[in-house]
6 protein chains.
Amino acid sequence: MYYYKEELINIIEPDQPDPAAAKVLQEALGGQFGEMRTMMQYFFQSSNFRGKDKQFQDLIRGVFLEEIAHVELVQKTINQLLNGAGESTPGNAGMNAAPIDEAVKHANPHHFIMGAQASLPVDAGGNPWSGSYVYSHGNLIADLLNNVVLESTGVLQKSRIYEMSSNKTFRETLGFLIVRDNAHQNAFAKALEMLGVSWGKLFPVPNYDINKYPECRKYVDKGFHNIQFNFRLDETRIAEIFQGKSPSRNGGDLSVTEPPQGFPVPQMPEMPNEHAPGLSDMNR
Amino acid sequence: MYYYKEELINIIEPDQPDPAAAKVLQEALGGQFGEMRTMMQYFFQSSNFRGKDKQFQDLIRGVFLEEIAHVELVQKTINQLLNGAGESTPGNAGMNAAPIDEAVKHANPHHFIMGAQASLPVDAGGNPWSGSYVYSHGNLIADLLNNVVLESTGVLQKSRIYEMSSNKTFRETLGFLIVRDNAHQNAFAKALEMLGVSWGKLFPVPNYDINKYPECRKYVDKGFHNIQFNFRLDETRIAEIFQGKSPSRNGGDLSVTEPPQGFPVPQMPEMPNEHAPGLSDMNR
Amino acid sequence: MYYYKEELINIIEPDQPDPAAAKVLQEALGGQFGEMRTMMQYFFQSSNFRGKDKQFQDLIRGVFLEEIAHVELVQKTINQLLNGAGESTPGNAGMNAAPIDEAVKHANPHHFIMGAQASLPVDAGGNPWSGSYVYSHGNLIADLLNNVVLESTGVLQKSRIYEMSSNKTFRETLGFLIVRDNAHQNAFAKALEMLGVSWGKLFPVPNYDINKYPECRKYVDKGFHNIQFNFRLDETRIAEIFQGKSPSRNGGDLSVTEPPQGFPVPQMPEMPNEHAPGLSDMNR
Amino acid sequence: MYYYKEELINIIEPDQPDPAAAKVLQEALGGQFGEMRTMMQYFFQSSNFRGKDKQFQDLIRGVFLEEIAHVELVQKTINQLLNGAGESTPGNAGMNAAPIDEAVKHANPHHFIMGAQASLPVDAGGNPWSGSYVYSHGNLIADLLNNVVLESTGVLQKSRIYEMSSNKTFRETLGFLIVRDNAHQNAFAKALEMLGVSWGKLFPVPNYDINKYPECRKYVDKGFHNIQFNFRLDETRIAEIFQGKSPSRNGGDLSVTEPPQGFPVPQMPEMPNEHAPGLSDMNR
Amino acid sequence: MYYYKEELINIIEPDQPDPAAAKVLQEALGGQFGEMRTMMQYFFQSSNFRGKDKQFQDLIRGVFLEEIAHVELVQKTINQLLNGAGESTPGNAGMNAAPIDEAVKHANPHHFIMGAQASLPVDAGGNPWSGSYVYSHGNLIADLLNNVVLESTGVLQKSRIYEMSSNKTFRETLGFLIVRDNAHQNAFAKALEMLGVSWGKLFPVPNYDINKYPECRKYVDKGFHNIQFNFRLDETRIAEIFQGKSPSRNGGDLSVTEPPQGFPVPQMPEMPNEHAPGLSDMNR
Amino acid sequence: MYYYKEELINIIEPDQPDPAAAKVLQEALGGQFGEMRTMMQYFFQSSNFRGKDKQFQDLIRGVFLEEIAHVELVQKTINQLLNGAGESTPGNAGMNAAPIDEAVKHANPHHFIMGAQASLPVDAGGNPWSGSYVYSHGNLIADLLNNVVLESTGVLQKSRIYEMSSNKTFRETLGFLIVRDNAHQNAFAKALEMLGVSWGKLFPVPNYDINKYPECRKYVDKGFHNIQFNFRLDETRIAEIFQGKSPSRNGGDLSVTEPPQGFPVPQMPEMPNEHAPGLSDMNR
């Protein structure tokens with residue numbers, strides 16, 4: 001069973017609204033290599049796990065637990081990028097006031113039509129997330145190889161999305177996720193190393209210099225790329241795998257720790273123009 | 001952030017394998033009104049919640065937390081229905097032994113091809129789950145109305161799926177979920193009642209006699225249809241809504257309690273015929 | 001604006017329930033070349049029509065109007081094939097009575113889970129109908145060519161579906177539709193003939209002998225393959241096109257007539273096992 | 001069977017072309033809560049209706065008939081917004097004339113590529129309409145609840161789309177539809193009221209002040225929010241339900257009337273640049 | 001079996017980068033009437049061909065072979081339009097340098113996120129190509145009619161896409177493909193002519209004046225609209241069909257020739273900002 | 001440009017018709033890890049390749065060329081499994097003869113409705129192939145890792161499909177493809193080995209004993225698992241990578257050779273019951 005503490009896994013850095021950035025950041029939420037995919041893929045793999053080698057199941061479920069928090073972090077980041085964008089007066093009373101140009105021209109219009117300027121389960125092109133993204137093959141090596149590819153591609157795409165806006169809300173979240181994807185690459189690569197593959201000088205993929213991303217540096221200084229957070233309220237065997245030398249060319253030692261210090265979940269402002277939540281003028 | 005204790009929210013009742021039942025039970029997992037939909041819909045609604053009426057956000061997130069455990073319960077039930085179905089000898093060594101007839105004729109062939117006889121994020125017709133199922137409109141009343149419809153339709157479909165097999169593994173899980181959907185109908189209906197609607201003699205939908213489902217009775221006797229489980233490790237305001245008279249014609253009083261006593265998660269057998277997990281004959 | 005008279009365009013011939021036939025007949029309703037496609041394609045083409053040659057617009061809209069009645073006819077035929085299939089006692093009271101085997105093994109399970117044994121907007125494989133099937137190119141010749149192909153392929157597929165069951169409910173509807181698709185092939189081919197193409201000995205496609213389908217003969221005897229029904233309550237210019245020699249090798253003269261004598265719409269029985277409509281035991 | 005009179009259910013108010021507005025208005029045509037959904041959902045529900053309570057079937061079919069006219073109204077509004085947008089000279093004869101910038105940058109490019117600057121069966125994000133949007137559960141209460149949610153969400157989204165452009169063609173159609181969605185909310189809510197639910201002060205959803213939409217006022221003055229139009233050429237029992245006090249907090253009395261005075265269907269100009277209809281230079 | 005010579009079927013004309021043009025040109029690659037559709041449709045039709053009339057099978061497969069080269073040509077054209085678009089410095093080192101505005105606002109963001117500024121199997125709206133586009137009916141006349149419609153619609157859409165940018169890379173490829181689609185219209189129309197249809201003055205569709213497209217003229221001068229290229233390394237019976245008078249109103253004689261002189265395949269520059277190919281700074 | 005010689009890459013072993021086997025074999029054609037995916041993925045990757053390391057591009061395109069022949073091989077195998085299934089008399093002349101039970105109950109009904117008992121671009125569950133399956137990331141390592149996973153998963157699924165029927169037509173094709181997927185795993189793994197990864201004892205995945213598949217043995221004896229076929233009519237640099245020790249635990253040396261001896265493409269019988277090709281009774 002699953003438990004919750006109302007804390008975000010990283011901070012939502014304040015900055016200006018930027019609906020175009022919100023549109024492309026959706027890739028990291030509902031894209032083929034986004035956080036919804038990693039979350040659901042590791043959920044199915046851990047529930048469908050066969051056999052006695054429970055340390056692998058624990059590892060996969062451990063990453064799954066963190067991914068739920070990642071999904072929430074990206075949802076909240078998109079919401080922050082949309083807060084304050086567009087008109088705030090409801091109805092415009094037919095005064096022919098300026099229409100929501102961003103919503104029509106440079107944003108995902110569904111951010112303004114479907115959600116009340118809030119996150120959606122879609123990618124940067126507006127395609128809805130699909131269950132066909134989830135790979136749970138049952139064969140442990142095939143699953144682990146797939147997970148390594150998923151994390152590598154995820155970080156590759158995030159490093160490209162990062163270039164698309166210099167908004168601080170946007171880049172802080174991407175910086176944190178890039179470092180954590182690195183840790184998850186290490187987790188699955190290490191598991192494969194125990195089964196016979198040596199990753200030599202290949203990892204991480206892409207071959208980026210983490211120093212180019214200033215948002216990443218503080219997380220690297222904390223060692224977040226070599227740490228597995230433990231969200232279990234009972235015993236776990238993750239540390240049987242996630243320990244010793246990192247499989248990546250970046251080196252260092254792997255270790256399992258408590259979850260990081262959490263951050264308060266920001267309360268979202270009402271959005272009267274979107275009838276959200278729409279309770280303000282009821283007689284209660 | 002999200003925490004986990006390795007316990008199932010209900011028991012997996014043992015019975016014979018039944019891949020045709022596993023095929024139709026997928027509707028309750030990856031169908032338009034299945035547990036993946038409820039889980040993701042309440043996840044988005046609680047992350048996208050606007051304004052200060054946090055008791056509603058807490059209620060929606062509270063149901064979300066239980067739905068994660070429901071998804072795991074249905075995954076495990078499907079897996080149990082598939083364990084032991086089909087041939088167990090790998091490769092058949094060209095002996096023209098009996099092929100997996102069930103997989104070809106009466107089952108979802110993807111259960112045997114994609115997963116190693118394990119659950120998939122698809123519906124009873126094999127269609128992959130889609131992000132377009134998730135409604136998070138931002139308007140609280142629209143969201144709550146939608147959630148009521150979702151839970152009502154969910155229980156309606158489960159009562160029809162229930163008829164499709166008399167397998168005990170299958171019916172026990174459906175019985176438990178029917179009762180809990182009832183509780184969730186109550187939760188969202190009660191929230192709407194606070195905002196002005198009186199459900200009179202309408203609920204629950206469909207208008208079934210719970211006594212016809214023997215699997216349901218023990219859960220009703222425990223009052224599970226009028227209870228909201230609390231999976232929070234910090235404070236929650238759910239009880240401001242989920243209390244007092246039930247909005248349903250079935251009557252009773254609503255209350256918030258601790259999660260139920262958990263059940264051990266069954267370990268799945270190896271499935272050599274499916275190369276799952278496929279580690280048994282490596283030299284480790 | 002659109003008006004309705006509660007009459008079916010053809011009779012629902014009574015016969016035994018046959019859920020496997022209902023499954024494949026869905027192709028004629030929600031398939032890529034089914035009646036929903038023809039209905040929506042001609043709707044968009046007639047609304048999007050450009051220029052002054054209104055006789056072509058009238059022709060396309062005229063066929064559209066009949067296709068709405070075809071959709072209703074196929075829905076009703078599928079419903080008739082599903083009436084009486086499966087268990088009729090609700091809940092089974094846990095008596096381990098025989099489950100709905102057909103629903104699990106040889107039918108579309110969604111017929112029993114989603115609809116209360118009723119038609120769905122999907123094809124024979126269970127894929128939902130898609131807006132991407134609709135072609136409305138704006139270029140009249142491209143649109144007419146496409147419509148000819150659509151009608152030819154529609155009748156080709158119906159002649160194959162016809163072989164899949166000897167059920168009379170099933171075959172009567174298919175027989176009627178085969179004849180009418182023939183008339184619609186003629187309509188669009190005649191329009192193209194006015195624009196320069198001569199279909200010679202090519203039509204109809206496929207090159208079937210209508211006498212092989214006894215259900216078709218009575219409609220051919222009535223000349224239904226060379227008639228365009230007029231559902232307009234005001235003036236129409238269809239007869240400027242739909243007149244003179246048939247463009248098909250079958251010969252005959254084209255004419256526009258009143259709609260055929262309608263048939264009563266059968267009332268569907270209640271289906272307590274499916275909670276449909278579910279009002280019977282409420283205190284009203 | 002279905003009949004037609006060439007009249008629009010509301011006026012197409014003239015204004016400048018606005019392809020970006022056309023793009024977002026597609027949501028009201030082919031979106032998950034758009035007019036194609038309402039039309040097809042009520043079509044399936046009325047065809048699949050079970051049992052003797054024909055007044056409910058008549059009500060659902062009555063709304064279906066109006067929705068066909070709504071689909072046509074939105075198609076025509078989108079077409080009007082696209083007429084005159086972009087280049088009108090065909091081919092540009094390689095003169096490097098200004099390309100269709102709007103089509104490439106701020107519009108749905110398919111409006112210019114697929115249709116000849118005309119409506120498409122897609123939503124504001126370009127996703128094709130899907131049969132999976134249609135809910136026809138067979139259980140009357142589940143269907144009615146769903147219809148209420150559908151109409152509420154429809155009007156919520158239209159009130160958001162309304163903000164996206166001050167174009168008069170765009171806003172006039174949205175204003176009319178907002179009022180009619182209101183009437184349809186009333187229709188389904190009233191039907192549920194007869195079955196036991198009291199909507200108290202909840203309706204309409206969202207809780208908007210209709211006076212903010214000047215386009216709506218004249219329709220409200222005509223009482224269109226409390227009227228059900230009757231498109232039947234034979235008897236109907238709608239008035240057994242649609243009468244008495246409105247279930248909405250806005251009050252008033254419900255009544256069934258003749259369809260409104262129709263409006264001429266505007267003839268669309270030829271579009272040589274799009275080869276539409278493309279007959280102008282053939283030797284006829 | 002399939003063989004390859006590294007040559008493009010037409011030249012990639014150099015010009016400025018134009019990501020908005022790349023976005024709409026995707027329709028000609030992954031759209032419903034694009035080159036991936038023609039390629040896969042003719043592949044399935046030729047593999048699934050029944051009966052002894054091998055000259056038709058040879059004709060269909062012959063066009064299939066050319067379509068593979070067309071797919072490659074459009075991929076390369078899109079890549080050329082994307083080369084040099086956006087920032088070239090990787091990472092931006094947190095200097096808040098200008099973000100990739102085009103990628104966010106006027107381009108398909110997936111061109112920058114998924115591919116390293118390279119072609120994708122999607123249409124101009126970003127929808128992924130679907131196997132449901134492929135029609136292979138088995139009935140030769142239905143297949144040929146469909147192919148004629150496919151080629152006509154393809155050229156209609158290309159003539160519209162052509163208007164969207166005056167970029168030379170873009171227009172040169174479109175010009176070449178328009179002429180070749182013309183030849184393929186002729187091929188399938190001629191085959192139908194042998195079976196009884198006379199196309200009179202109908203073809204080509206649309207009724208465009210080829211002289212308006214200066215890029216087309218040189219290919220028409222070479223007779224490319226009346227030529228079928230032969231990519232077979234063994235015997236083919238194409239010339240039994242593709243010979244004699246053109247079925248099009250443009251006249252001329254049909255003939256089968258060797259493939260055209262090929263063009264060198266341009267090498268794509270590295271794209272460090274996209275980590276593509278990403279090998280440059282590894283120690284190899 | 002692409003050339004063709006009418007030869008199959010492997011033999012179609014004759015056996016009884018088996019439409020249920022045809023249904024599941026579709027996974028190897030149009031499934032997420034089937035031959036259409038590998039073909040299109042390597043096509044996009046080789047066309048989108050960036051930089052000077054042309055030996056990698058040659059390798060990827062080399063595998064692409066073979067995959068076209070694999071697609072054709074699976075199409076032909078499915079067709080062979082469908083030839084002779086079902087009724088052969090057209091129309092049944094209303095004699096209530098036995099309907100095509102297989103088509104309705106145990107087969108993919110689209111095999112009989114859409115194609116004339118012929119292959120389709122869909123998977124074993126009937127879902128159409130999607131462009132979203134294709135990964136072409138531009139980063140060479142990410143692409144190669146992905147290709148390794150694709151080939152590993154492909155062979156894993158084929159080894160499961162193999163169990164589903166003992167039909168010789170079915171198993172011979174699967175046996176051949178399993179061996180070739182092995183060779184392709186080697187190709188991409190070797191390329192990664194050159195870039196720093198050592199696959200140790202991990203490969204091949206799954207860890208199957210090839211001796212269990214008698215159909216495979218003769219291909220292994222020929223060394224097909226360590227051979228790259230060369231389909232280029234000009235120079236290629238594949239051998240710079242595909243040489244030396246195999247990266248797999250199975251050992252052996254890699255080499256590039258001519259394509260294998262081809263097999264005649266079987267002519268498909270006419271299928272009058274399906275109107276395919278439908279020319280037989282025209283007056284030609």
# chains A, B, ... in the order shown; residues from 1 in each chain; ligands from 1
call {"tool": "residues_around", "arguments": {"residues": "Phe231 of chain A", "least_positions_apart": "5", "cutoff": "8 Å", "atoms": "only C-alpha atoms", "output": "list in words"}}
result
Gly62, Leu65, Glu66, Glu258 and Pro259 of chain A; Tyr2, Tyr3 and Tyr4 of chain B
call {"tool": "residues_around", "arguments": {"residues": "Ser130 of chain C", "least_positions_apart": "5", "cutoff": "8 Å", "atoms": "only C-alpha atoms", "output": "ChimeraX atom specification"}}
result
/D:128-131
call {"tool": "residues_around", "arguments": {"residues": "Lys222 of chain C", "least_positions_apart": "6", "cutoff": "12 Å", "atoms": "only C-alpha atoms", "output": "PyMOL selection string"}}
result
chain C and resi 176+179-180+216+257+260
call {"tool": "closest_residue", "arguments": {"among": "B:His111, B:Arg61, B:Lys23, B:Lys245", "to": "chain C", "atoms": "only C-alpha atoms"}}
result
B:Lys23
call {"tool": "interface_residues", "arguments": {"of": "chain E", "to": "chain D", "cutoff": "9 Å", "atoms": "only C-alpha atoms", "output": "PDB file with C-alpha atoms, in the first residue's frame"}}
result
ATOM      1  CA  ALA E  20       8.218  25.945 -40.096  1.00  0.00           C
ATOM      2  CA  ALA E  21       8.483  24.602 -43.650  1.00  0.00           C
ATOM      3  CA  LYS E  23       6.893  21.051 -40.030  1.00  0.00           C
ATOM      4  CA  VAL E  24       4.375  21.215 -42.877  1.00  0.00           C
ATOM      5  CA  GLU E  27       2.596  15.828 -44.324  1.00  0.00           C
ATOM      6  CA  LYS E 105       6.758  28.661 -31.192  1.00  0.00           C
ATOM      7  CA  HIS E 106       6.657  27.967 -34.936  1.00  0.00           C
ATOM      8  CA  ALA E 107       8.141  24.521 -35.413  1.00  0.00           C
ATOM      9  CA  ALA E 124       2.087  18.174 -40.367  1.00  0.00           C
ATOM     10  CA  GLY E 125      -0.022  18.136 -37.217  1.00  0.00           C
ATOM     11  CA  GLY E 126       2.383  15.833 -35.372  1.00  0.00           C
ATOM     12  CA  ASN E 127       0.153  12.752 -35.492  1.00  0.00           C
ATOM     13  CA  LEU E 156      -3.594  17.904 -54.484  1.00  0.00           C
ATOM     14  CA  GLN E 157      -2.109  18.216 -51.008  1.00  0.00           C
ATOM     15  CA  LYS E 158       1.413  18.786 -52.323  1.00  0.00           C
ATOM     16  CA  SER E 159       0.162  21.627 -54.504  1.00  0.00           C
ATOM     17  CA  ARG E 160      -1.245  23.218 -51.343  1.00  0.00           C
ATOM     18  CA  ILE E 161       1.865  22.626 -49.248  1.00  0.00           C
ATOM     19  CA  TYR E 162       3.906  24.200 -52.063  1.00  0.00           C
ATOM     20  CA  GLU E 163       2.203  27.556 -51.311  1.00  0.00           C
ATOM     21  CA  MET E 164       3.344  27.565 -47.714  1.00  0.00           C
ATOM     22  CA  SER E 165       6.960  28.544 -48.244  1.00  0.00           C
ATOM     23  CA  SER E 166       9.057  29.879 -51.084  1.00  0.00           C
ATOM     24  CA  ASN E 167      12.136  28.086 -49.736  1.00  0.00           C
ATOM     25  CA  LYS E 201     -10.953  14.609 -69.696  1.00  0.00           C
ATOM     26  CA  LEU E 202     -10.951  14.008 -65.948  1.00  0.00           C
ATOM     27  CA  VAL E 205      -6.651  15.655 -60.518  1.00  0.00           C
ATOM     28  CA  PRO E 206      -6.431  18.433 -59.473  1.00  0.00           C
ATOM     29  CA  ASN E 207      -6.859  20.328 -62.687  1.00  0.00           C
ATOM     30  CA  TYR E 208      -3.703  22.387 -62.271  1.00  0.00           C
ATOM     31  CA  ASP E 209      -1.614  24.075 -64.892  1.00  0.00           C
ATOM     32  CA  ASN E 211       3.373  25.688 -65.947  1.00  0.00           C
ATOM     33  CA  LYS E 212       2.576  27.511 -62.748  1.00  0.00           C
ATOM     34  CA  TYR E 213       5.200  25.437 -60.964  1.00  0.00           C
ATOM     35  CA  PRO E 214       8.585  26.373 -62.439  1.00  0.00           C
ATOM     36  CA  GLU E 215      10.274  23.573 -60.497  1.00  0.00           C
TER      37      GLU E 215
END
call {"tool": "residues_around", "arguments": {"residues": "Gln57 of chain C", "least_positions_apart": "2", "cutoff": "10 Å", "atoms": "only C-alpha atoms", "output": "PyMOL selection string"}}
result
chain C and resi 42+45-55+59-62+140+236-238
call {"tool": "atom_distance", "arguments": {"atom1": "atom CA of Leu233 of chain B", "atom2": "atom CA of His225 of chain A"}}
result
27.2 Å
call {"tool": "residues_around", "arguments": {"residues": "Pro19 of chain D", "least_positions_apart": "5", "cutoff": "7 Å", "atoms": "only C-alpha atoms", "output": "PyMOL selection string"}}
result
chain D and resi 81-82+85+107
call {"tool": "write_last_selection", "arguments": {"atoms": "N, CA and C atoms", "output": "PDB file, in the first residue's frame"}}
result
ATOM      1  N   LEU D  81     -14.531  31.549 -40.700  1.00  0.00           N
ATOM      2  CA  LEU D  81     -13.284  32.095 -40.133  1.00  0.00           C
ATOM      3  C   LEU D  81     -12.094  31.835 -41.054  1.00  0.00           C
ATOM      4  N   LEU D  82     -12.202  30.818 -41.903  1.00  0.00           N
ATOM      5  CA  LEU D  82     -11.090  30.475 -42.803  1.00  0.00           C
ATOM      6  C   LEU D  82     -11.231  31.134 -44.175  1.00  0.00           C
ATOM      7  N   ALA D  85      -8.652  33.804 -45.666  1.00  0.00           N
ATOM      8  CA  ALA D  85      -7.326  33.754 -45.047  1.00  0.00           C
ATOM      9  C   ALA D  85      -6.319  33.228 -46.056  1.00  0.00           C
ATOM     10  N   ALA D 107      -1.868  28.681 -37.400  1.00  0.00           N
ATOM     11  CA  ALA D 107      -3.112  27.975 -37.686  1.00  0.00           C
ATOM     12  C   ALA D 107      -2.888  26.471 -37.574  1.00  0.00           C
TER      13      ALA D 107
END
call {"tool": "decode", "arguments": {"residues": "segment 104-140 of chain C", "atoms": "C-alpha atoms", "output": "PDB file, in the first residue's frame"}}
result
ATOM      1  CA  VAL C 104     -15.476 -14.017 -22.911  1.00  0.00           C
ATOM      2  CA  LYS C 105     -14.597 -16.264 -25.815  1.00  0.00           C
ATOM      3  CA  HIS C 106     -16.320 -15.569 -29.121  1.00  0.00           C
ATOM      4  CA  ALA C 107     -17.851 -12.133 -28.790  1.00  0.00           C
ATOM      5  CA  ASN C 108     -16.570  -8.617 -28.418  1.00  0.00           C
ATOM      6  CA  PRO C 109     -16.371  -8.435 -24.602  1.00  0.00           C
ATOM      7  CA  HIS C 110     -17.150  -4.708 -24.761  1.00  0.00           C
ATOM      8  CA  HIS C 111     -20.628  -5.549 -26.052  1.00  0.00           C
ATOM      9  CA  PHE C 112     -21.280  -6.992 -22.602  1.00  0.00           C
ATOM     10  CA  ILE C 113     -19.162  -4.645 -20.464  1.00  0.00           C
ATOM     11  CA  MET C 114     -19.606  -1.190 -21.992  1.00  0.00           C
ATOM     12  CA  GLY C 115     -22.984  -1.291 -23.663  1.00  0.00           C
ATOM     13  CA  ALA C 116     -25.754  -3.359 -22.154  1.00  0.00           C
ATOM     14  CA  GLN C 117     -25.480  -5.872 -25.013  1.00  0.00           C
ATOM     15  CA  ALA C 118     -25.747  -3.089 -27.504  1.00  0.00           C
ATOM     16  CA  SER C 119     -23.954  -1.518 -30.462  1.00  0.00           C
ATOM     17  CA  LEU C 120     -20.683   0.442 -30.094  1.00  0.00           C
ATOM     18  CA  PRO C 121     -18.819   2.952 -32.313  1.00  0.00           C
ATOM     19  CA  VAL C 122     -16.049   0.422 -33.062  1.00  0.00           C
ATOM     20  CA  ASP C 123     -15.052  -1.951 -35.872  1.00  0.00           C
ATOM     21  CA  ALA C 124     -14.950  -5.765 -36.019  1.00  0.00           C
ATOM     22  CA  GLY C 125     -11.570  -5.729 -34.285  1.00  0.00           C
ATOM     23  CA  GLY C 126     -12.805  -3.463 -31.499  1.00  0.00           C
ATOM     24  CA  ASN C 127     -10.888  -0.379 -32.674  1.00  0.00           C
ATOM     25  CA  PRO C 128     -12.824   2.852 -31.995  1.00  0.00           C
ATOM     26  CA  TRP C 129     -14.014   4.844 -34.999  1.00  0.00           C
ATOM     27  CA  SER C 130     -11.641   7.675 -35.877  1.00  0.00           C
ATOM     28  CA  GLY C 131     -12.132  11.128 -37.359  1.00  0.00           C
ATOM     29  CA  SER C 132      -9.081  10.412 -39.506  1.00  0.00           C
ATOM     30  CA  TYR C 133     -11.288   8.173 -41.678  1.00  0.00           C
ATOM     31  CA  VAL C 134     -13.187  11.199 -42.992  1.00  0.00           C
ATOM     32  CA  TYR C 135     -11.952  12.667 -46.278  1.00  0.00           C
ATOM     33  CA  SER C 136     -13.232  16.100 -47.221  1.00  0.00           C
ATOM     34  CA  HIS C 137     -10.674  17.532 -49.621  1.00  0.00           C
ATOM     35  CA  GLY C 138     -12.635  20.458 -51.021  1.00  0.00           C
ATOM     36  CA  ASN C 139     -11.735  19.517 -54.575  1.00  0.00           C
ATOM     37  CA  LEU C 140     -14.966  18.138 -56.015  1.00  0.00           C
TER      38      LEU C 140
END
